[in-house]
Structure formats: structure tokens, C-alpha cells
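Shown below: target.cif, with mmCIF, C-alpha atoms.
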data_start
loop_
_atom_site.group_PDB
_atom_site.id
_atom_site.type_symbol
_atom_site.label_atom_id
_atom_site.label_comp_id
_atom_site.auth_asym_id
_atom_site.auth_seq_id
_atom_site.Cartn_x
_atom_site.Cartn_y
_atom_site.Cartn_z
ATOM 1 C CA ILE A 28 91.512 -9.355 -45.617
ATOM 2 C CA LEU A 29 94.612 -10.642 -47.388
ATOM 3 C CA ASN A 30 95.034 -10.648 -51.154
ATOM 4 C CA LEU A 31 96.517 -14.096 -51.737
ATOM 5 C CA THR A 32 97.888 -13.215 -55.169
ATOM 6 C CA GLU A 33 100.098 -10.568 -53.548
ATOM 7 C CA TYR A 34 101.247 -12.588 -50.543
ATOM 8 C CA ASN A 35 105.018 -12.855 -50.240
ATOM 9 C CA PHE A 36 106.761 -14.231 -47.169
ATOM 10 C CA ASP A 37 109.771 -11.980 -47.760
ATOM 11 C CA ASN A 38 107.551 -8.885 -47.433
ATOM 12 C CA LEU A 39 106.295 -9.766 -43.948
ATOM 13 C CA ASN A 40 107.638 -7.824 -41.005
ATOM 14 C CA LYS A 41 110.728 -9.169 -39.240
ATOM 15 C CA ASN A 42 108.886 -10.333 -36.120
ATOM 16 C CA THR A 43 106.335 -12.375 -38.083
ATOM 17 C CA LYS A 44 109.001 -14.025 -40.253
ATOM 18 C CA ASN A 45 111.119 -14.912 -37.216
ATOM 19 C CA LYS A 46 108.188 -16.537 -35.426
ATOM 20 C CA ILE A 47 107.241 -18.604 -38.470
ATOM 21 C CA ARG A 48 110.855 -19.752 -38.853
ATOM 22 C CA LYS A 49 111.067 -20.639 -35.157
ATOM 23 C CA ALA A 50 107.869 -22.669 -35.445
ATOM 24 C CA GLU A 51 109.301 -24.573 -38.389
ATOM 25 C CA LYS A 52 112.458 -25.346 -36.394
ATOM 26 C CA LYS A 53 110.246 -26.792 -33.653
ATOM 27 C CA GLY A 54 109.114 -29.379 -36.186
ATOM 28 C CA LEU A 55 105.572 -28.087 -36.643
ATOM 29 C CA ILE A 56 103.546 -29.480 -39.520
ATOM 30 C CA ILE A 57 99.970 -28.894 -40.655
ATOM 31 C CA GLU A 58 97.392 -31.513 -41.583
ATOM 32 C CA LYS A 59 93.953 -31.291 -43.119
ATOM 33 C CA SER A 60 91.524 -33.144 -40.893
ATOM 34 C CA ASN A 61 88.018 -34.590 -41.102
ATOM 35 C CA ARG A 62 85.024 -34.151 -38.805
ATOM 36 C CA ASN A 63 86.834 -35.995 -36.007
ATOM 37 C CA GLY A 64 89.334 -33.149 -35.890
ATOM 38 C CA LEU A 65 86.642 -30.898 -34.447
ATOM 39 C CA ASP A 66 87.065 -32.532 -31.033
ATOM 40 C CA ILE A 67 90.751 -31.604 -31.021
ATOM 41 C CA LEU A 68 90.069 -28.118 -32.383
ATOM 42 C CA PHE A 69 87.361 -27.456 -29.795
ATOM 43 C CA GLU A 70 89.891 -27.852 -26.965
ATOM 44 C CA PHE A 71 91.739 -24.816 -28.368
ATOM 45 C CA ILE A 72 88.676 -22.606 -28.882
ATOM 46 C CA LYS A 73 86.152 -23.615 -26.203
ATOM 47 C CA LYS A 74 86.935 -20.587 -24.016
ATOM 48 C CA LYS A 75 86.575 -18.074 -26.860
ATOM 49 C CA LYS A 76 82.792 -18.171 -27.200
ATOM 50 C CA GLY A 77 79.904 -19.328 -25.064
ATOM 51 C CA VAL A 78 79.005 -22.274 -27.321
ATOM 52 C CA ASN A 79 79.469 -26.026 -27.026
ATOM 53 C CA GLU A 80 81.162 -28.389 -29.460
ATOM 54 C CA TYR A 81 77.880 -29.146 -31.236
ATOM 55 C CA TYR A 82 77.768 -25.568 -32.514
ATOM 56 C CA TYR A 83 80.851 -26.172 -34.645
ATOM 57 C CA LYS A 84 79.796 -29.709 -35.541
ATOM 58 C CA ASN A 85 76.541 -28.321 -36.972
ATOM 59 C CA TYR A 86 78.593 -25.678 -38.754
ATOM 60 C CA TYR A 87 80.743 -28.368 -40.309
ATOM 61 C CA ASN A 88 77.808 -30.665 -41.188
ATOM 62 C CA ILE A 89 76.053 -27.886 -43.104
ATOM 63 C CA PHE A 90 78.998 -26.479 -45.035
ATOM 64 C CA SER A 91 80.772 -29.771 -45.717
ATOM 65 C CA LYS A 92 77.845 -30.950 -47.846
ATOM 66 C CA ASP A 93 79.270 -29.026 -50.801
ATOM 67 C CA ASN A 94 82.895 -29.262 -49.641
ATOM 68 C CA SER A 95 83.005 -25.615 -48.574
ATOM 69 C CA CYS A 96 84.369 -26.257 -45.079
ATOM 70 C CA ASP A 97 87.878 -27.305 -43.992
ATOM 71 C CA ILE A 98 89.481 -28.241 -40.695
ATOM 72 C CA PHE A 99 93.224 -27.880 -40.171
ATOM 73 C CA LEU A 100 95.355 -29.008 -37.234
ATOM 74 C CA VAL A 101 98.974 -28.268 -36.349
ATOM 75 C CA LYS A 102 101.093 -30.908 -34.645
ATOM 76 C CA ILE A 103 104.731 -31.633 -33.843
ATOM 77 C CA ASP A 104 106.772 -33.897 -36.087
ATOM 78 C CA TYR A 105 109.192 -35.074 -33.390
ATOM 79 C CA GLU A 106 111.694 -36.530 -35.862
ATOM 80 C CA LYS A 107 111.885 -33.225 -37.716
ATOM 81 C CA TYR A 108 112.022 -31.396 -34.381
ATOM 82 C CA LEU A 109 114.951 -33.544 -33.236
ATOM 83 C CA LEU A 110 116.963 -33.113 -36.442
ATOM 84 C CA ASN A 111 116.440 -29.337 -36.453
ATOM 85 C CA SER A 112 117.362 -29.033 -32.773
ATOM 86 C CA LYS A 113 120.560 -31.070 -33.201
ATOM 87 C CA LYS A 114 121.579 -28.966 -36.179
ATOM 88 C CA SER A 115 120.932 -25.724 -34.284
ATOM 89 C CA TYR A 116 122.840 -27.031 -31.257
ATOM 90 C CA ASP A 117 125.868 -28.039 -33.322
ATOM 91 C CA GLU A 118 125.969 -24.692 -35.137
ATOM 92 C CA GLU A 119 125.644 -22.759 -31.877
ATOM 93 C CA LEU A 120 128.327 -24.894 -30.205
ATOM 94 C CA ILE A 121 130.844 -23.838 -32.862
ATOM 95 C CA LYS A 122 130.010 -20.172 -32.227
ATOM 96 C CA ASN A 123 130.208 -20.741 -28.477
ATOM 97 C CA ASN A 124 133.686 -22.276 -28.694
ATOM 98 C CA GLU A 125 134.903 -19.418 -30.864
ATOM 99 C CA LEU A 126 133.629 -16.903 -28.320
ATOM 100 C CA SER A 127 135.329 -18.818 -25.506
ATOM 101 C CA GLU A 128 138.655 -18.542 -27.317
ATOM 102 C CA LYS A 129 138.169 -14.820 -27.853
ATOM 103 C CA LEU A 130 137.477 -14.319 -24.147
ATOM 104 C CA ILE A 131 140.908 -15.754 -23.309
ATOM 105 C CA THR A 132 142.603 -12.746 -24.883
ATOM 106 C CA SER A 133 139.877 -10.136 -24.488
ATOM 107 C CA SER A 134 137.323 -9.222 -21.856
ATOM 108 C CA ASN A 135 135.377 -7.015 -24.242
ATOM 109 C CA GLU A 136 131.834 -6.455 -22.947
ATOM 110 C CA THR A 137 130.352 -7.162 -26.370
ATOM 111 C CA ILE A 138 132.044 -10.577 -26.497
ATOM 112 C CA ILE A 139 130.969 -11.366 -22.937
ATOM 113 C CA ASN A 140 127.334 -10.584 -23.784
ATOM 114 C CA LYS A 141 127.498 -12.688 -26.956
ATOM 115 C CA LYS A 142 128.974 -15.587 -24.949
ATOM 116 C CA MET A 143 126.196 -15.350 -22.347
ATOM 117 C CA ASN A 144 123.510 -15.296 -25.064
ATOM 118 C CA SER A 145 125.164 -18.248 -26.762
ATOM 119 C CA ASP A 146 125.171 -20.193 -23.471
ATOM 120 C CA LYS A 147 121.438 -19.552 -23.121
ATOM 121 C CA ALA A 148 120.825 -20.662 -26.704
ATOM 122 C CA LEU A 149 122.739 -23.924 -26.118
ATOM 123 C CA LEU A 150 120.629 -24.684 -23.053
ATOM 124 C CA SER A 151 117.464 -23.976 -25.038
ATOM 125 C CA TYR A 152 118.524 -26.256 -27.913
ATOM 126 C CA LYS A 153 119.536 -28.969 -25.447
ATOM 127 C CA ASN A 154 116.075 -28.777 -23.888
ATOM 128 C CA ASP A 155 114.516 -29.030 -27.369
ATOM 129 C CA ILE A 156 116.593 -32.136 -28.077
ATOM 130 C CA GLU A 157 115.401 -33.771 -24.859
ATOM 131 C CA ILE A 158 111.736 -32.969 -25.589
ATOM 132 C CA ALA A 159 111.976 -34.175 -29.183
ATOM 133 C CA THR A 160 113.820 -37.360 -28.196
ATOM 134 C CA LEU A 161 111.208 -38.225 -25.580
ATOM 135 C CA GLY A 162 108.334 -37.511 -27.970
ATOM 136 C CA LEU A 163 109.903 -39.654 -30.691
ATOM 137 C CA ARG A 164 110.706 -42.503 -28.309
ATOM 138 C CA ASN A 165 107.140 -42.595 -26.984
ATOM 139 C CA ASN A 166 105.610 -42.200 -30.448
ATOM 140 C CA LYS A 167 103.778 -39.194 -29.048
ATOM 141 C CA THR A 168 101.191 -37.149 -30.973
ATOM 142 C CA THR A 169 100.937 -33.526 -29.848
ATOM 143 C CA TYR A 170 98.470 -31.097 -31.405
ATOM 144 C CA LEU A 171 99.142 -27.413 -30.791
ATOM 145 C CA ALA A 172 96.627 -25.462 -32.874
ATOM 146 C CA GLY A 173 93.749 -25.651 -35.301
ATOM 147 C CA ALA A 174 91.339 -23.701 -37.465
ATOM 148 C CA LEU A 175 87.944 -23.971 -39.129
ATOM 149 C CA THR A 176 87.574 -22.299 -42.534
ATOM 150 C CA ILE A 177 84.716 -21.644 -44.960
ATOM 151 C CA LYS A 178 85.246 -21.286 -48.727
ATOM 152 C CA TYR A 179 82.937 -19.282 -50.964
ATOM 153 C CA LYS A 180 83.654 -18.414 -54.592
ATOM 154 C CA ASN A 181 87.113 -16.805 -54.642
ATOM 155 C CA ARG A 182 87.311 -16.195 -50.903
ATOM 156 C CA VAL A 183 88.266 -18.107 -47.741
ATOM 157 C CA ASN A 184 87.152 -17.093 -44.282
ATOM 158 C CA ILE A 185 88.935 -18.268 -41.134
ATOM 159 C CA VAL A 186 85.861 -18.723 -38.963
ATOM 160 C CA ILE A 187 87.839 -19.475 -35.810
ATOM 161 C CA SER A 188 91.284 -20.627 -34.787
ATOM 162 C CA GLY A 189 93.016 -21.409 -31.524
ATOM 163 C CA ILE A 190 96.153 -22.756 -29.874
ATOM 164 C CA ASP A 191 97.169 -24.808 -26.865
ATOM 165 C CA THR A 192 98.536 -22.097 -24.588
ATOM 166 C CA LYS A 193 100.904 -24.608 -22.935
ATOM 167 C CA TYR A 194 102.912 -24.445 -26.162
ATOM 168 C CA LYS A 195 102.680 -20.704 -26.676
ATOM 169 C CA SER A 196 106.435 -20.424 -27.239
ATOM 170 C CA TYR A 197 106.128 -22.676 -30.312
ATOM 171 C CA ASN A 198 104.372 -19.858 -32.249
ATOM 172 C CA ALA A 199 101.836 -22.330 -33.647
ATOM 173 C CA ASN A 200 99.342 -19.594 -34.531
ATOM 174 C CA TYR A 201 101.820 -17.840 -36.812
ATOM 175 C CA PHE A 202 102.728 -21.139 -38.436
ATOM 176 C CA LEU A 203 99.057 -22.105 -38.832
ATOM 177 C CA HIS A 204 98.065 -18.902 -40.625
ATOM 178 C CA HIS A 205 101.128 -18.932 -42.851
ATOM 179 C CA GLU A 206 100.357 -22.514 -43.899
ATOM 180 C CA LEU A 207 96.680 -21.713 -44.523
ATOM 181 C CA ILE A 208 97.706 -18.841 -46.766
ATOM 182 C CA LYS A 209 100.095 -21.086 -48.717
ATOM 183 C CA TYR A 210 97.472 -23.834 -49.020
ATOM 184 C CA TYR A 211 94.706 -21.603 -50.411
ATOM 185 C CA LYS A 212 96.911 -19.319 -52.481
ATOM 186 C CA LYS A 213 96.753 -21.397 -55.650
ATOM 187 C CA ASP A 214 92.942 -21.661 -55.811
ATOM 188 C CA TYR A 215 91.553 -18.556 -54.108
ATOM 189 C CA LYS A 216 92.126 -14.834 -54.317
ATOM 190 C CA PHE A 217 91.325 -13.601 -50.798
ATOM 191 C CA ILE A 218 91.508 -14.915 -47.252
ATOM 192 C CA ASP A 219 89.689 -13.225 -44.378
ATOM 193 C CA LEU A 220 91.805 -13.417 -41.219
ATOM 194 C CA ASN A 221 88.712 -12.510 -39.190
ATOM 195 C CA GLY A 222 88.426 -9.480 -36.985
ATOM 196 C CA LEU A 223 90.749 -7.388 -34.865
ATOM 197 C CA THR A 224 89.946 -4.660 -32.379
ATOM 198 C CA GLY A 225 89.643 -1.016 -33.359
ATOM 199 C CA ASN A 226 91.764 0.073 -30.411
ATOM 200 C CA PHE A 227 95.458 0.306 -31.295
ATOM 201 C CA ASP A 228 96.627 1.808 -27.988
ATOM 202 C CA ASP A 229 99.350 0.079 -25.966
ATOM 203 C CA SER A 230 96.865 -0.354 -23.111
ATOM 204 C CA ASN A 231 94.570 -2.511 -25.241
ATOM 205 C CA PRO A 232 94.565 -6.077 -23.789
ATOM 206 C CA TYR A 233 94.154 -7.351 -27.359
ATOM 207 C CA LYS A 234 97.198 -5.495 -28.667
ATOM 208 C CA GLY A 235 98.967 -8.812 -29.285
ATOM 209 C CA LEU A 236 96.063 -10.050 -31.417
ATOM 210 C CA ASN A 237 96.160 -6.892 -33.518
ATOM 211 C CA GLU A 238 99.913 -7.102 -34.041
ATOM 212 C CA PHE A 239 99.680 -10.800 -34.918
ATOM 213 C CA LYS A 240 97.194 -10.244 -37.745
ATOM 214 C CA ILE A 241 98.687 -6.984 -38.978
ATOM 215 C CA GLY A 242 102.008 -8.821 -39.236
ATOM 216 C CA PHE A 243 100.692 -10.635 -42.334
ATOM 217 C CA ASN A 244 100.167 -7.291 -44.138
ATOM 218 C CA PRO A 245 96.417 -7.598 -44.763
ATOM 219 C CA ASN A 246 94.105 -4.844 -45.959
ATOM 220 C CA ILE A 247 92.094 -3.640 -42.975
ATOM 221 C CA TYR A 248 88.451 -2.650 -43.445
ATOM 222 C CA GLU A 249 86.390 -0.914 -40.800
ATOM 223 C CA PHE A 250 82.655 -1.582 -40.907
ATOM 224 C CA ILE A 251 80.023 0.553 -39.266
ATOM 225 C CA GLY A 252 78.949 -0.885 -35.915
ATOM 226 C CA GLU A 253 75.728 -0.965 -33.916
ATOM 227 C CA PHE A 254 74.381 2.071 -32.160
ATOM 228 C CA ASP A 255 71.888 2.384 -29.327
ATOM 229 C CA LEU A 256 69.652 5.454 -29.252
ATOM 230 C CA ILE A 257 68.750 6.049 -25.594
ATOM 231 C CA ILE A 258 65.127 7.228 -25.481
ATOM 232 C CA ASN A 259 64.716 7.052 -21.706
ATOM 233 C CA PRO A 260 67.971 8.128 -19.984
ATOM 234 C CA LYS A 261 66.584 7.568 -16.458
ATOM 235 C CA VAL A 262 65.552 3.944 -17.059
ATOM 236 C CA TYR A 263 68.713 3.246 -19.052
ATOM 237 C CA LYS A 264 70.938 4.582 -16.273
ATOM 238 C CA HIS A 265 69.083 2.507 -13.672
ATOM 239 C CA LEU A 266 69.314 -0.743 -15.658
ATOM 240 C CA SER A 267 72.945 -0.140 -16.575
ATOM 241 C CA LYS A 268 73.924 0.623 -12.983
ATOM 242 C CA ASN A 269 72.221 -2.551 -11.707
ATOM 243 C CA GLY A 270 73.755 -4.692 -14.426
ATOM 244 C CA THR A 271 70.327 -5.779 -15.720
ATOM 245 C CA LEU A 272 70.342 -4.001 -19.082
ATOM 246 C CA ALA A 273 70.957 -7.176 -21.110
ATOM 247 C CA GLU A 274 68.226 -9.066 -19.247
ATOM 248 C CA PHE A 275 65.775 -6.249 -19.922
ATOM 249 C CA PHE A 276 66.354 -6.394 -23.684
ATOM 250 C CA LYS A 277 66.012 -10.191 -23.712
ATOM 251 C CA LYS A 278 62.405 -9.739 -22.590
#

As C-alpha cells, the full file:
Amino acid sequence: ILNLTEYNFDNLNKNTKNKIRKAEKKGLIIEKSNRNGLDILFEFIKKKKGVNEYYYKNYYNIFSKDNSCDIFLVKIDYEKYLLNSKKSYDEELIKNNELSEKLITSSNETIINKKMNSDKALLSYKNDIEIATLGLRNNKTTYLAGALTIKYKNRVNIVISGIDTKYKSYNANYFLHHELIKYYKKDYKFIDLNGLTGNFDDSNPYKGLNEFKIGFNPNIYEFIGEFDLIINPKVYKHLSKNGTLAEFFKK
């Protein structure tokens, strides 16, 4: 849970700030959508839970009656993307030429490595320019991420959010959450970033999710979970071994 009155971009960890800045350079912008935006959002979240799109449409229909529900989508502004990419390319080209001149008189390993990294950066920016140019020429609309939020009193809850994994390198999720925080900061005191896992080991498959949310410096609260008291170990072991435990409790 993040205290919005204390949120400061400069206080975020280096990785989180870099990813937000990179997303901005890719021309990402956020828009507040209406009910029709649920169809776009659902494409980003449909694999997260075993529910269909009507689940979230009912959610929206109920909470939007008193304006307590919002839908946000992140898309690419290809004109902004193109301008940023050209600027980055031009700045990197100057550095690259300077490094080339230095290599004429010195074969220092540090300079060689910087030149190689600069070459890679130029190729990356050139690719960005080509993508942005094509998107702008075709008047393309590309949505990358979205979120559904609920507002109650002085608090906002991010019910669910998701991204298009094809554009994972665009860091849309970082951009989305940063923009949500900025949007709600003036009118609300807290925003709930939703859950993370209680396992902070490197082997945890959800380690990336934990690091993503912790990167915004929230306060983390651990709530007591559910506990099963096994009253018949023999039956429990049999059902668990056969994979029928859940079916048994449904009865």
C-alpha cells in the first residue's frame, strides 16, 4: 500500500526510475477509458484468472454507478516515439564519433567496450525510428497495457492490471503504475498496488513481480492466511495423492 502524499519519483530505486524513463522515451501515454476499454484490457488479463470478460464488465457496471471505478489504457504515441528516438540517435551518434576518434590513437579496452555499447545503442535507436515511422505512417493505434481500479473514500485499489507481453521491453507496467500514482495523488491518500508473494527467495517464479511492486517503495502488510486442520490424515493423504481433494470439498 503506497502513501500517495509521500510519493516522490526521485526516491524510487534506480531500476524503477530507469524503466519509467525508458517507457517515456518509447512514446508511451496513458488514457482514461470508458466501458469499451474493458475489451482491450481483457486481452492483457484473460490468462491471469479463470473468469471471462463478463466478470469484469459486471464489476464495472456495479461500481461505475457512483463513479467509483476507472479504466486506464496505455498506448504508443508514435509521433512522440519518433521524436524521442531521433533525439536519442543524434545524441548517441555524437558520442559514437568521439569514441571512434579516440580509438585511432588508443586501443584502451575501456574505450573499445564503450564503442561497442554505443554501436549497439545506435542500432537500437535506429530500430525504434523505423518502428515509430511505420506506426505514424499507417496511423496505427497500439495498446500495451491497462488497469481496472476501484475508489473508496481516501483509497484507490488496483483490482487488476496487465500488459501485452509482445511489448515487454517497453516497460509499460512500470509506466502504467507511475501514471496511476500521479493521477490519483491529488485526490486520494493511499493506493493499493494489490498483492505480492510472501516468498522472497531467488527461486521464486514470481520474484520479478515482487521486485516490480517493491520498486515503488510501498508499505507491505502481511495478513493472516487460511489454515486447514486435518482431522482425518488417512483420507486427506488419499485425496491429496489422487488429486481429488478440491473436488471432494466442492461436494

Taking the file as I've supplied it (selection: the PyMOL selection byres ((chain A and resi 97) around 7)), which residues are included? Please answer as an NGL selection string. :A and (95-96 or 98-99 or 175-177)

Selection above as a file: C-alpha atoms, as an mmCIF file, keeping the file's coordinate frame:
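The result, written out as part12.cif:
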data_model
loop_
_atom_site.group_PDB
_atom_site.id
_atom_site.type_symbol
_atom_site.label_atom_id
_atom_site.label_comp_id
_atom_site.auth_asym_id
_atom_site.auth_seq_id
_atom_site.Cartn_x
_atom_site.Cartn_y
_atom_site.Cartn_z
ATOM 1 C CA SER A 95 83.005 -25.615 -48.574
ATOM 2 C CA CYS A 96 84.369 -26.257 -45.079
ATOM 3 C CA ILE A 98 89.481 -28.241 -40.695
ATOM 4 C CA PHE A 99 93.224 -27.880 -40.171
ATOM 5 C CA LEU A 175 87.944 -23.971 -39.129
ATOM 6 C CA THR A 176 87.574 -22.299 -42.534
ATOM 7 C CA ILE A 177 84.716 -21.644 -44.960
#

Excluding same-chain residues fewer than 2 positions from range 196-199 of chain A, what lies within 7 Å of it counting all atoms listed in the file, as a ChimeraX atom specification? /A:46-47,50,53,171-172,190,194,201-203

Target residues per the PyMOL selection byres ((chain A and resi 43) around 8), formatted as a PyMOL selection string: chain A and resi 39-42+44-47+201+239+242-243

Would you write out, as JSON lines, a table of all residues in range 46-79 of chain A that have an atom no more than 12 Å from an atom of range 101-113 of chain A, listing for each the closest atom pair and the distance in Å to one decimal, considering only C-alpha atoms and ordering rows by chain and rising residue number?
{"residue": "A:Arg48", "atom": "CA", "partner": "A:Asn111", "partner_atom": "CA", "distance": 11.4}
{"residue": "A:Lys49", "atom": "CA", "partner": "A:Asn111", "partner_atom": "CA", "distance": 10.3}
{"residue": "A:Ala50", "atom": "CA", "partner": "A:Ile103", "partner_atom": "CA", "distance": 9.6}
{"residue": "A:Glu51", "atom": "CA", "partner": "A:Tyr108", "partner_atom": "CA", "distance": 8.4}
{"residue": "A:Lys52", "atom": "CA", "partner": "A:Asn111", "partner_atom": "CA", "distance": 5.6}
{"residue": "A:Lys53", "atom": "CA", "partner": "A:Tyr108", "partner_atom": "CA", "distance": 5.0}
{"residue": "A:Gly54", "atom": "CA", "partner": "A:Tyr108", "partner_atom": "CA", "distance": 4.0}
{"residue": "A:Leu55", "atom": "CA", "partner": "A:Ile103", "partner_atom": "CA", "distance": 4.6}
{"residue": "A:Ile56", "atom": "CA", "partner": "A:Lys102", "partner_atom": "CA", "distance": 5.6}
{"residue": "A:Ile57", "atom": "CA", "partner": "A:Val101", "partner_atom": "CA", "distance": 4.5}
{"residue": "A:Glu58", "atom": "CA", "partner": "A:Val101", "partner_atom": "CA", "distance": 6.4}
{"residue": "A:Lys59", "atom": "CA", "partner": "A:Val101", "partner_atom": "CA", "distance": 9.0}
{"residue": "A:Ser60", "atom": "CA", "partner": "A:Val101", "partner_atom": "CA", "distance": 10.0}
{"residue": "A:Gly64", "atom": "CA", "partner": "A:Val101", "partner_atom": "CA", "distance": 10.8}
{"residue": "A:Ile67", "atom": "CA", "partner": "A:Val101", "partner_atom": "CA", "distance": 10.4}
{"residue": "A:Leu68", "atom": "CA", "partner": "A:Val101", "partner_atom": "CA", "distance": 9.7}
{"residue": "A:Phe71", "atom": "CA", "partner": "A:Val101", "partner_atom": "CA", "distance": 11.3}

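Residue nearest Asn221 in chain A within the list A:Ile72, A:Ile187, A:Val78, A:Leu163: A:Ile187 [criterion: smallest interatomic distance, all atoms listed in the file].
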
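CA of Lys240 in chain A is found 14.7 Å from CA of Phe217 in chain A.
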
Neighbour list for range 137-147 of chain A as a list in words, cut-off 8 Å, only C-alpha atoms, skip fewer than 6 positions in-chain: Glu119, Lys122, Asn123, Leu126, Ser127, Lys129 and Leu130 of chain A

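Taking CA of Asn154 in chain A as the reference point, CA of Asn200 in chain A is found at 21.9 Å.
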
Could you state which residues are captured by the PyMOL selection byres ((chain A and resi 62) around 9) in this file, as a ChimeraX atom specification? /A:60-61,63-66,84,87-88,98

Using all atoms listed in the file, the residue out of A:Ala174, A:Ile158, A:Ala148, A:Leu29 with shortest distance to Tyr83 in chain A is A:Ala174

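Here CA of Gly252 in chain A and CA of Phe227 in chain A stand 17.2 Å from one another.
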
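Among the candidates A:Asn35, A:Asp191, A:Lys92, A:Glu136, the residue lying nearest to Lys73 in chain A is A:Asp191 (atoms considered: all atoms listed in the file).
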
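Using all atoms listed in the file for every distance, the candidate list A:Phe36, A:Leu31, A:Gly270, A:Lys180 yields A:Leu31 as the residue closest to Leu220 in chain A.
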
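Here the question is which of A:Gly189, A:Asn124, A:Tyr210, A:Arg164 gets nearest to Leu236 in chain A using all atoms listed in the file, and that residue is A:Gly189.
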
Taking into account all atoms listed in the file, which residue in the set A:Glu128, A:Asp155, A:Glu206, A:Glu253 is nearest to Gly173 in chain A? A:Glu206

Coords for range 136-143 of chain A, all heavy atoms, as a compact mmCIF listing (two decimals), in the first residue's frame:
# COMPACT_ATOMS: atom_id res chain seq x y z
N GLU A 136 41.02 -0.83 -23.60
CA GLU A 136 39.89 -1.76 -23.53
C GLU A 136 38.61 -1.07 -23.10
O GLU A 136 37.52 -1.40 -23.58
CB GLU A 136 40.22 -2.90 -22.55
CG GLU A 136 39.14 -3.98 -22.51
CD GLU A 136 39.52 -5.14 -21.60
OE1 GLU A 136 40.70 -5.19 -21.16
OE2 GLU A 136 38.64 -5.98 -21.33
N THR A 137 38.73 -0.09 -22.21
CA THR A 137 37.55 0.64 -21.75
C THR A 137 36.89 1.38 -22.91
O THR A 137 35.66 1.36 -23.06
CB THR A 137 37.95 1.65 -20.66
OG1 THR A 137 38.53 0.95 -19.56
CG2 THR A 137 36.72 2.41 -20.16
N ILE A 138 37.71 2.01 -23.76
CA ILE A 138 37.18 2.75 -24.91
C ILE A 138 36.54 1.79 -25.91
O ILE A 138 35.48 2.08 -26.49
CB ILE A 138 38.29 3.57 -25.59
CG1 ILE A 138 38.85 4.61 -24.61
CG2 ILE A 138 37.75 4.28 -26.83
CD1 ILE A 138 40.02 5.40 -25.15
N ILE A 139 37.19 0.65 -26.11
CA ILE A 139 36.66 -0.35 -27.05
C ILE A 139 35.27 -0.83 -26.59
O ILE A 139 34.33 -0.92 -27.39
CB ILE A 139 37.61 -1.55 -27.16
CG1 ILE A 139 38.92 -1.13 -27.84
CG2 ILE A 139 36.96 -2.68 -27.96
CD1 ILE A 139 39.98 -2.21 -27.85
N ASN A 140 35.14 -1.10 -25.29
CA ASN A 140 33.86 -1.55 -24.75
C ASN A 140 32.79 -0.47 -24.88
O ASN A 140 31.63 -0.75 -25.21
CB ASN A 140 34.02 -1.97 -23.29
CG ASN A 140 34.80 -3.26 -23.13
OD1 ASN A 140 34.82 -4.09 -24.03
ND2 ASN A 140 35.45 -3.41 -21.99
N LYS A 141 33.18 0.78 -24.62
CA LYS A 141 32.22 1.88 -24.75
C LYS A 141 31.77 2.03 -26.20
O LYS A 141 30.60 2.30 -26.48
CB LYS A 141 32.85 3.18 -24.27
CG LYS A 141 32.99 3.30 -22.76
CD LYS A 141 33.57 4.64 -22.35
CE LYS A 141 33.65 4.78 -20.83
NZ LYS A 141 34.20 6.09 -20.41
N LYS A 142 32.72 1.85 -27.14
CA LYS A 142 32.39 1.96 -28.57
C LYS A 142 31.44 0.85 -28.99
O LYS A 142 30.46 1.09 -29.73
CB LYS A 142 33.67 1.87 -29.40
CG LYS A 142 33.46 1.94 -30.91
CD LYS A 142 32.91 3.27 -31.34
CE LYS A 142 32.97 3.44 -32.87
NZ LYS A 142 32.16 2.47 -33.60
N MET A 143 31.66 -0.36 -28.50
CA MET A 143 30.78 -1.49 -28.82
C MET A 143 29.37 -1.26 -28.27
O MET A 143 28.37 -1.52 -28.95
CB MET A 143 31.37 -2.78 -28.27
CG MET A 143 32.65 -3.23 -28.97
SD MET A 143 33.41 -4.67 -28.20
CE MET A 143 32.15 -5.92 -28.48
